[in-house]
Each structure stands twice: as structure tokens, then as C-alpha cells.
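Peer 1: Sharing a structure below in C-alpha cells format, with a few things to ask.
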Amino acid sequence: MILEVDADVGRRGGFRLRASLRADAGRLAIVGPSGSGKTTLLDVIAGIERGRVVLDGLDLSRLPLHRRSIGYVMQDAPLFPHLTVRGNLAYGPRAEGVEDVAARLGIAHLLDRMPRNLSGGERRRAVLARALASRPRLLLLDEPFAGLDEAARRDAMALLHGLGDIPTVLVSHSPAEVLGLAERAVRLERGEVVAEGPSASLLRAGETGIDNFLVARIVGASRVRAGSVELSVRLPEGASGAVRLAVYAHDLILAREAPRAISARNVFPAVVRDLTDAGGDVLATLLDPPLRALVTADAARDLALAPGARVIAILKSTSIACLGGA
Amino acid sequence: MSGSILLSLGIGAMATLFSLPFAVLVAVPLARSRAPWATALQTLVWLPLVLPPAVTGYLLLWLLGPRRPLGSLLLRMGIPVAFDRLGAVVAAAVVGFPLLVMFLVLAIRSVDPRLSIVSRSCGRGPVATFLRVTLPLAWPGMLAGAVLAFARALGEFGATIVLAGLVPGRTDTIPLRIYDLLAQPGREGEITGLVVASVAIAVLCVVLAQALDRRHRRRLEVEP
């Protein structure tokens, strides 16, 4: 899809969204700190707020919300409490294939239940199913997995991957979701678009919690190559070509000498490029691959870490998240 | 005595039924909009609540009196308003209107506004959204409001006596009848009867409204 949005929305309390963007991606993520206007931007696309919205050359700006065929899954979107799950899914005038959609989302057995008798995860699925059943030309997802536990989140992400090619705009705080679901991203700050590009490049260290993103080439059944280093990882099913890797800085271990007989599958020599203070701890950036390691100030002193120092980097396979195709 | 009670019930019911559609039409935009015109509409709707009822009655008489254009037109069409039953209905409806609208607004506002957005993003227009989502969820609350407004309409006095006058058998509702009896010595027994009936009707209405309100809350509840 090619999505163009021009919005100038003023809100009470002085917040103003002045965003202009053009993105060409099947799945686009909107990232940025809280209060940067991500949800307001979705509101503009959905037609709740005014703004120019052009989707694949079709100008939606003058269409009211209910004529846009945009499935908007708001954060914590409610189900209609007076309708069964089936009634919710079949609500829209264009809704069809309710049974199919329910089966794909794993809620076929819940169709005759009332929303009050569903768990949080089931409700989330029903909300997504309701949006999909109306055959939207564009799906807007606002923090669709917030509040789900890790297993449910993985399932839901796999589901979204299985939806095929419905163009999607995703707002999420989770770097794993953004990297796993969206090829490109738009970064908002204080109501303005500050960057647009491949999603990995738009996420910032610190804000995300994950401090390292790498693109790696697959070279074996569970081997990838990042820079000049080969790593042992667990590849997602069906991955081919290249993958994106995410590693927490605090999961990377540095040593002076190579340890012997160790469970970690990845032990490689590296050179320290620079050191930065990270609130009392030290963030050491390596040269190749450009990984950041978070160590205590005491450890940095004991290891005599300094720019140019040679170290051994140790990384468990299980600490590397592979986030789908790159 | 029973004549006055039945008359009151009939006039109160007519007034409530008569004003309900208009009240719904006004309450829907008032419940959701914050636009300047909504504020203006709100002011207009609240006016009968804060005006002395006698003033409201006088304004209605000015509009519907037998020698006024609208009043005489209605009279020629065989619809007498002033100093007749219909006048009592109009007076009760107008004075009770703000209260009814306020109850309806509260019932509509208690429905999660995100449901309307969800409904529209599923492709349903504003009218379909109201009929399929807001109304099914809000009606017990709206009905509770209508019952209370009906109970309140039974007590309308000031505007009624100005517009409808005190015509025995036609406009002497419970409060007007009590007022009439107070001027006559030795009618305390009848007054007591009317007071007891009034209290009984009021209690019944409040109990009914509360039951409807509980039902309303249950319908809105999603969590078990």
C-alpha cells in the first residue's frame, strides 16, 4: 500500500499533531514516545479526526468514518456487550465469512458466548476478528497485544503474520512487535514526524529495552552471519535469506580470555569501539558486529575496558531473538 | 377524589409519551457533542427548569391562548389547549422536559462512546449505530428516566394552573385538586386520601426506576 497522510489536529491542553507522511509498505509501524501523537494519527487515518488521507491513490479524506472500510482496532477496544461473539463478528454490513475468521483466530468454539464470559486474550482475538470480518481495505492496530502474556503475544503475532496481505498500520511500544510485523516505520515525536524508514533503523536504544538490532544472513540450519561473525541462533520456521536479530545489551557478556567448556554457543573475539555511561553502568559498543554490552562500572574496571581494547564476547543462542524476514 | 388521581396519571403519562421522542432527539446530540451549538441547545432546554413555573405557564398561554394566532388556529381545528386537558398535558410536558432530557443524557452517556466508533468503523452509519448499539444498551436507563419524569409530571402545578386553569373534571389534577380543597372547610379527609395516593405512586415510580436502572447497569457490564 501507499499511504499518504497530512494532519493538523489541535487537542485540548496544547497538544498538536502536525504530521505529513508518505509510506510505501505492506505493514507500517508508528513508533515514538508516549504522548507523541501515535493514536491521534490513527484517528486521522480512521476518519475520527480531520486530515488528508490517500490510500493507494484513493482519496478517503471526505469519506466519513463508516464509509472508509478501515478496520480500526483501538487500544483496549470493547466488544458490543449486548451481542454474542458471533453477533459482534457479523456486526458490520459487509461482514462475511464469520466462521472462517473465527476459526483462523482460534475462537470458533466461542461464537455463542457473550463477551462478559471471555478471558482477556479471547476478547482481544474477538475484537481483531470483528475488524477482519468486515473485509477492511486497511487495518489499524493500536497496541494490539498490550497486556497479553508472552505466549499469547507470540500466538497473536503469528496470527497477524498469517492474515496475508491486508495493509496494516501498527502502533506499538514493543520493538519485537514492530520488528516482527512491520517492514517500515514512521517515528513521531511531540506530534511531528521526525523519521521514516526501515523499522529496525527507527527504533532507539534505551527507549525500547532491546539495545541491539542486527540484520544477519542465514548461512546454515541454525547459523547466521552478522558482519564477520557467525552466530548460532534459533531460526523461525520458514526463514530464508536474512533475519533481524534482537539482543538485550545486558545479555552480552564480555571476558578477557576465552572460557573453556561453556554452555553459551557464541564466543567470539571483538574490539571495543567506545564506552558510554549508562546511569552508573557502562555501555560498551563493539566494532564488529556493532553490538552493545551493558556491564557494571566495576566489571569495566576489572576488564580494563577502553576504546580499542580486545575482548571476548559471549552470547547465548537463547538470548538472541530472531524477528522474521529482513 | 379517584377522578383527580386517574386524571393526573393520564395527563402525566400523556405528557411523558408526548415529550419522549423530542427528548430523545435532543438528548442524543447533547450527550455526545461539545460544540458551541450544543451548549446553546442545552441552555434552551434547561430554561423551563430554572424559570418560575408560573412564568413558563404564562409564556405558554401567550403562545396558545384562545385569542393568540396559534391558539385560535388550534381552537378552530377543534383542538382546545388553554383551559382544557391538553393544556395540562402541554404544561406538564414543557416543565418536565429538562428533567427528562437530563435523565436520557445520563443514560446515553453511560454507554461507552468507543462502542459508537467501533460500530462506525465496522461500516454502520450514525443512525444505525444509535439503533443497534446505543439504544439497546441505554433503553433501560432511558426508561428509568422516563418513569421518574412521569412521577415528576404528576406534581406540576404552577404552569398548569396558569395555562389550563382549574376546570373540575378536566384539569384538576392531584395538586390542583388539593389546592382547591384547601379553600373549602371540612374536606381534610379527601386531602389525606390524595396525599396518601401521591406518596404511594411516588414510591412505586422510584422503586420501578431503580429496578430499571439496575438492569441498565447489568447490561453495560462486560466484566463478569
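In the C-alpha cells, each chain is lettered A, B, ... as it comes, each chain's residues begin at 1, and ligands are numbered from 1 in order of appearance.
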Please provide as a PyMOL selection string all residues within 7 Å of Phe213 (chain A), with the sequence filter that same-chain residues fewer than 3 positions apart are discarded (counting only C-alpha atoms).
Peer 2: chain A and resi 200+244-247
Peer 1: Which residues of region 60-175 of chain A come within 12 Å of region 39-51 of chain A, and for each one, what is the closest pair of atoms and their distance in Å to one decimal, counting only C-alpha atoms, sorted by chain and residue number, as a Markdown table?
Peer 2:
```
| residue | atom | partner | partner_atom | distance |
| --- | --- | --- | --- | --- |
| A:Leu60 | CA | A:Gly47 | CA | 8.4 |
| A:Ser61 | CA | A:Gly51 | CA | 6.4 |
| A:Arg62 | CA | A:Gly47 | CA | 8.7 |
| A:Leu63 | CA | A:Gly47 | CA | 7.6 |
| A:Pro64 | CA | A:Gly47 | CA | 6.1 |
| A:Leu65 | CA | A:Gly47 | CA | 4.7 |
| A:His66 | CA | A:Gly47 | CA | 8.4 |
| A:Arg67 | CA | A:Gly47 | CA | 9.3 |
| A:Arg68 | CA | A:Ala46 | CA | 7.4 |
| A:Ser69 | CA | A:Ala46 | CA | 8.9 |
| A:Ile70 | CA | A:Ala46 | CA | 6.2 |
| A:Gly71 | CA | A:Ala46 | CA | 8.0 |
| A:Tyr72 | CA | A:Ala46 | CA | 6.6 |
| A:Val73 | CA | A:Leu42 | CA | 9.9 |
| A:Met74 | CA | A:Thr39 | CA | 8.5 |
| A:Gln75 | CA | A:Thr39 | CA | 8.8 |
| A:Pro136 | CA | A:Ala46 | CA | 11.2 |
| A:Arg137 | CA | A:Ala46 | CA | 11.4 |
| A:Leu138 | CA | A:Ala46 | CA | 9.2 |
| A:Leu139 | CA | A:Ala46 | CA | 9.3 |
| A:Leu140 | CA | A:Leu42 | CA | 6.8 |
| A:Leu141 | CA | A:Leu42 | CA | 8.4 |
| A:Asp142 | CA | A:Thr39 | CA | 6.9 |
| A:Glu143 | CA | A:Thr39 | CA | 9.4 |
| A:Thr168 | CA | A:Leu42 | CA | 11.1 |
| A:Val169 | CA | A:Leu42 | CA | 8.1 |
| A:Leu170 | CA | A:Leu42 | CA | 8.9 |
| A:Val171 | CA | A:Thr39 | CA | 7.4 |
| A:Ser172 | CA | A:Thr39 | CA | 10.0 |
| A:His173 | CA | A:Thr39 | CA | 11.8 |
```
Peer 1: Can I get the selected residues back with C-alpha atoms, as a short mmCIF file (atom, residue, chain, number, x, y, z; two decimals), in the first residue's frame?
Peer 2:
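Okay, out_4.cif is ready:
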```
data_model
loop_
_atom_site.label_atom_id
_atom_site.label_comp_id
_atom_site.auth_asym_id
_atom_site.auth_seq_id
_atom_site.Cartn_x
_atom_site.Cartn_y
_atom_site.Cartn_z
CA LEU A 60 -10.51 8.99 1.66
CA SER A 61 -10.39 12.46 3.23
CA ARG A 62 -14.02 13.36 2.59
CA LEU A 63 -15.47 9.98 3.45
CA PRO A 64 -16.99 9.66 6.92
CA LEU A 65 -15.65 7.02 9.26
CA HIS A 66 -18.26 4.41 8.31
CA ARG A 67 -17.64 4.66 4.56
CA ARG A 68 -13.87 4.22 4.69
CA SER A 69 -13.73 0.43 5.09
CA ILE A 70 -10.94 0.80 7.58
CA GLY A 71 -10.80 -1.73 10.39
CA TYR A 72 -9.77 0.21 13.47
CA VAL A 73 -8.71 -1.93 16.43
CA MET A 74 -8.38 0.67 19.17
CA GLN A 75 -6.31 0.05 22.24
CA PRO A 136 -11.28 -3.76 5.58
CA ARG A 137 -9.04 -2.28 2.92
CA LEU A 138 -6.74 -1.15 5.72
CA LEU A 139 -6.28 -2.42 9.26
CA LEU A 140 -5.28 -0.03 12.06
CA LEU A 141 -3.92 -1.69 15.18
CA ASP A 142 -3.27 0.36 18.31
CA GLU A 143 -1.14 -1.61 20.77
CA THR A 168 -1.77 -2.67 8.22
CA VAL A 169 -0.73 0.33 10.26
CA LEU A 170 0.52 -0.70 13.69
CA VAL A 171 1.14 1.41 16.76
CA SER A 172 3.25 -0.39 19.30
CA HIS A 173 5.68 0.22 22.12
#
```
Peer 1: Could you pull out the strand (DSSP E) residues of region 131-280 of chain A, going by DSSP on the backbone, and write them as a ChimeraX atom specification?
Peer 2: /A:138-142,168-171,184-189,192-198,212-218,223-226,229-232,242-247,253-255,266-278
Peer 1: So, counting only C-alpha atoms, which residue among B:Gly193, B:Pro175, B:Gly123, B:Pro136 is closest to Gly158 (chain B)?
Peer 2: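 For Gly158 (chain B), the nearest of the candidates is B:Pro175.
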Peer 1: Write out as a PyMOL selection string every residue belonging to chain B that has an atom at most 12 Å from any atom of chain A, counting only C-alpha atoms.
Peer 2: chain B and resi 111-129+132-138+216-224
Peer 1: Would you save the residues of that selection, restricted to C-alpha atoms, as a compact mmCIF listing (two decimals), in the first residue's frame?
Peer 2:
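Generated file (again_8.txt):
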```txt
# COMPACT_ATOMS: atom_id res chain seq x y z
CA VAL B 111 -22.74 3.75 27.17
CA ASP B 112 -19.03 3.52 26.27
CA PRO B 113 -18.55 6.08 23.47
CA ARG B 114 -15.89 3.85 21.92
CA LEU B 115 -18.68 1.43 21.00
CA SER B 116 -20.09 4.05 18.64
CA ILE B 117 -16.70 4.48 16.99
CA VAL B 118 -16.30 0.72 16.69
CA SER B 119 -19.77 0.48 15.15
CA ARG B 120 -18.98 3.16 12.60
CA SER B 121 -15.61 1.68 11.72
CA CYS B 122 -17.47 -1.58 11.04
CA GLY B 123 -19.43 0.37 8.43
CA ARG B 124 -22.63 1.37 10.25
CA GLY B 125 -23.76 4.99 9.91
CA PRO B 126 -24.76 7.22 12.82
CA VAL B 127 -28.48 6.29 12.76
CA ALA B 128 -27.81 2.55 12.51
CA THR B 129 -25.24 2.92 15.28
CA ARG B 132 -28.15 -1.07 17.03
CA VAL B 133 -25.78 -0.09 19.83
CA THR B 134 -26.71 2.99 21.85
CA LEU B 135 -30.44 2.34 22.13
CA PRO B 136 -30.25 -1.39 23.03
CA LEU B 137 -27.71 -0.60 25.73
CA ALA B 138 -29.29 2.60 27.03
CA HIS B 216 -29.32 -0.86 32.78
CA ARG B 217 -26.06 -1.24 34.71
CA ARG B 218 -26.08 -5.01 34.28
CA ARG B 219 -26.40 -4.65 30.50
CA LEU B 220 -23.42 -2.32 30.33
CA GLU B 221 -21.29 -4.63 32.39
CA VAL B 222 -18.73 -6.58 30.41
CA GLU B 223 -16.68 -7.95 33.26
CA PRO B 224 -18.34 -10.94 34.97
```
Peer 1: Tell me which protein, DNA and RNA residues are within 6 Å of Val85 (chain A), counting only C-alpha atoms, leaving out same-chain ones fewer than 2 positions away, and put them as a PyMOL selection string.
Peer 2: chain A and resi 87-88+111+113
Peer 1: Residues within 10 Å of region 226-230 of chain A, please, as a VMD selection string. Count only C-alpha atoms; anything in the same chain fewer than 4 positions from it doesn't count.
Peer 2: chain A and resid 214 to 220 242 to 245 266 to 270 287 to 290
Peer 1: At a cut-off of 10 Å, using only C-alpha atoms, what residues contact Val178 (chain A)? Leave out same-chain residues fewer than 4 positions from it and give the result as a list in words.
Peer 2: Arg27, Leu28, Ala29, Ile30, Val31, Leu170, Val171, Ser172, His173, Ser174, Ala182, Glu183, Arg184, Ala185, Ser199, Ala200, Leu202, Leu203 and Leu323 of chain A
Peer 1: Any chance you can output those residues with C-alpha atoms as an mmCIF file, in the first residue's frame?
Peer 2:
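Result file out.cif:
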```
data_model
loop_
_atom_site.group_PDB
_atom_site.id
_atom_site.type_symbol
_atom_site.label_atom_id
_atom_site.label_comp_id
_atom_site.auth_asym_id
_atom_site.auth_seq_id
_atom_site.Cartn_x
_atom_site.Cartn_y
_atom_site.Cartn_z
ATOM 1 C CA ARG A 27 2.819 -3.157 7.093
ATOM 2 C CA LEU A 28 3.761 0.171 8.545
ATOM 3 C CA ALA A 29 4.569 0.808 12.197
ATOM 4 C CA ILE A 30 4.188 4.092 14.010
ATOM 5 C CA VAL A 31 6.720 4.403 16.813
ATOM 6 C CA LEU A 170 0.516 -0.702 13.689
ATOM 7 C CA VAL A 171 1.142 1.412 16.761
ATOM 8 C CA SER A 172 3.252 -0.389 19.296
ATOM 9 C CA HIS A 173 5.678 0.217 22.118
ATOM 10 C CA SER A 174 7.173 -3.226 21.706
ATOM 11 C CA ALA A 182 6.324 -4.087 10.027
ATOM 12 C CA GLU A 183 8.821 -3.560 7.260
ATOM 13 C CA ARG A 184 8.817 0.179 7.595
ATOM 14 C CA ALA A 185 8.117 2.615 10.367
ATOM 15 C CA SER A 199 11.579 -0.348 11.125
ATOM 16 C CA ALA A 200 14.864 -1.522 12.678
ATOM 17 C CA LEU A 202 13.618 3.731 13.563
ATOM 18 C CA LEU A 203 13.773 2.139 16.981
ATOM 19 C CA LEU A 323 12.405 -11.477 14.276
#
```
Peer 1: Just to confirm, what's the straight-line distance from CA of Thr56 (chain B) to CA of Ser72 (chain B) in Å (one decimal)?
Peer 2: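 Going from CA of Thr56 (chain B) over to CA of Ser72 (chain B), I get 19.5 Å.
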Peer 1: Using only C-alpha atoms, which residues sit within 12 Å of Phe15 (chain A) once same-chain residues fewer than 6 positions away are excluded, as a list in words?
Peer 2: Asp8, Val9, Gly35, Ser36, Gly37, Thr40, Glu189, Arg190, Gly191 and Glu192 of chain A
Peer 1: Suppose we keep all heavy atoms; can you now write the selection as a CSV table (one decimal), in the first residue's frame?
Peer 2:
```
chain,number,residue,atom,x,y,z
A,8,ASP,N,-3.4,18.0,10.7
A,8,ASP,CA,-3.1,19.1,11.7
A,8,ASP,C,-4.2,19.1,12.7
A,8,ASP,O,-5.3,19.7,12.4
A,8,ASP,CB,-3.0,20.4,10.9
A,8,ASP,CG,-2.5,21.6,11.8
A,8,ASP,OD1,-2.6,21.4,13.0
A,8,ASP,OD2,-2.1,22.6,11.3
A,9,VAL,N,-4.0,18.5,13.8
A,9,VAL,CA,-5.1,18.3,14.8
A,9,VAL,C,-4.7,18.9,16.1
A,9,VAL,O,-3.6,18.6,16.6
A,9,VAL,CB,-5.4,16.8,15.0
A,9,VAL,CG1,-6.5,16.6,16.0
A,9,VAL,CG2,-5.7,16.1,13.7
A,35,GLY,N,2.6,9.9,24.2
A,35,GLY,CA,2.1,11.3,24.0
A,35,GLY,C,2.7,12.0,22.8
A,35,GLY,O,2.6,13.2,22.6
A,36,SER,N,3.3,11.2,21.9
A,36,SER,CA,3.8,11.8,20.7
A,36,SER,C,2.8,11.9,19.6
A,36,SER,O,3.1,12.5,18.5
A,36,SER,CB,5.0,11.0,20.2
A,36,SER,OG,4.7,9.7,19.9
A,37,GLY,N,1.6,11.4,19.8
A,37,GLY,CA,0.5,11.6,18.8
A,37,GLY,C,0.3,10.3,17.9
A,37,GLY,O,-0.4,10.5,16.9
A,40,THR,N,-3.5,9.6,17.8
A,40,THR,CA,-4.2,10.7,17.1
A,40,THR,C,-4.0,10.5,15.6
A,40,THR,O,-4.9,10.7,14.8
A,40,THR,CB,-3.7,12.0,17.5
A,40,THR,OG1,-3.7,12.1,19.0
A,40,THR,CG2,-4.5,13.2,17.0
A,189,GLU,N,7.5,12.4,17.1
A,189,GLU,CA,7.9,13.0,18.4
A,189,GLU,C,7.2,14.3,18.6
A,189,GLU,O,7.2,15.1,17.7
A,189,GLU,CB,9.5,13.2,18.4
A,189,GLU,CG,10.2,12.0,19.0
A,189,GLU,CD,11.7,12.1,18.9
A,189,GLU,OE1,12.2,13.2,18.8
A,189,GLU,OE2,12.3,11.0,18.8
A,190,ARG,N,6.6,14.5,19.7
A,190,ARG,CA,5.8,15.7,20.0
A,190,ARG,C,4.9,16.1,18.8
A,190,ARG,O,4.9,17.3,18.5
A,190,ARG,CB,6.8,16.9,20.4
A,190,ARG,CG,7.3,16.7,21.8
A,190,ARG,CD,8.1,18.0,22.2
A,190,ARG,NE,9.4,18.1,21.4
A,190,ARG,CZ,10.5,17.6,21.9
A,190,ARG,NH1,10.6,16.9,23.0
A,190,ARG,NH2,11.6,17.7,21.2
A,191,GLY,N,4.2,15.2,18.3
A,191,GLY,CA,3.3,15.5,17.3
A,191,GLY,C,3.8,15.7,15.9
A,191,GLY,O,3.1,16.2,15.0
A,192,GLU,N,5.1,15.5,15.7
A,192,GLU,CA,5.7,15.7,14.4
A,192,GLU,C,6.4,14.4,13.9
A,192,GLU,O,7.0,13.7,14.7
A,192,GLU,CB,6.7,16.8,14.4
A,192,GLU,CG,6.0,18.2,14.4
A,192,GLU,CD,6.9,19.3,14.5
A,192,GLU,OE1,8.0,19.2,13.8
A,192,GLU,OE2,6.6,20.3,15.2
```
Peer 1: How many Å lie between CA of Asp172 (chain B) and CA of Gly87 (chain B), rounded to one decimal?
Peer 2: 11.6 Å
Peer 1: Leaving out region 37-41 of chain B and any residue of its chain fewer than 2 positions from it, which residues lie within 12 Å of it when counting only C-alpha atoms, given as a PyMOL selection string?
Peer 2: chain B and resi 23+25-35+43-47+98+101
Peer 1: Selected residues, C-alpha atoms, written as a compact mmCIF listing (two decimals), in the first residue's frame, please.
Peer 2:
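Okay, part.txt is ready:
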```txt
# COMPACT_ATOMS: atom_id res chain seq x y z
CA ALA B 23 -36.40 14.49 24.36
CA LEU B 25 -33.85 13.79 19.60
CA VAL B 26 -32.39 16.49 21.85
CA ALA B 27 -30.60 14.16 24.26
CA VAL B 28 -28.57 12.29 21.62
CA PRO B 29 -26.54 15.29 20.42
CA LEU B 30 -26.37 16.76 23.93
CA ALA B 31 -24.91 13.53 25.28
CA ARG B 32 -22.01 13.42 22.83
CA SER B 33 -21.29 16.85 21.40
CA ARG B 34 -19.24 19.62 22.97
CA ALA B 35 -19.79 22.04 20.09
CA THR B 43 -29.33 26.46 27.72
CA LEU B 44 -32.64 26.44 25.86
CA VAL B 45 -33.56 23.01 27.22
CA TRP B 46 -32.75 23.99 30.79
CA LEU B 47 -34.77 27.19 30.72
CA PRO B 98 -35.40 19.41 31.07
CA VAL B 101 -33.66 15.19 28.76
```
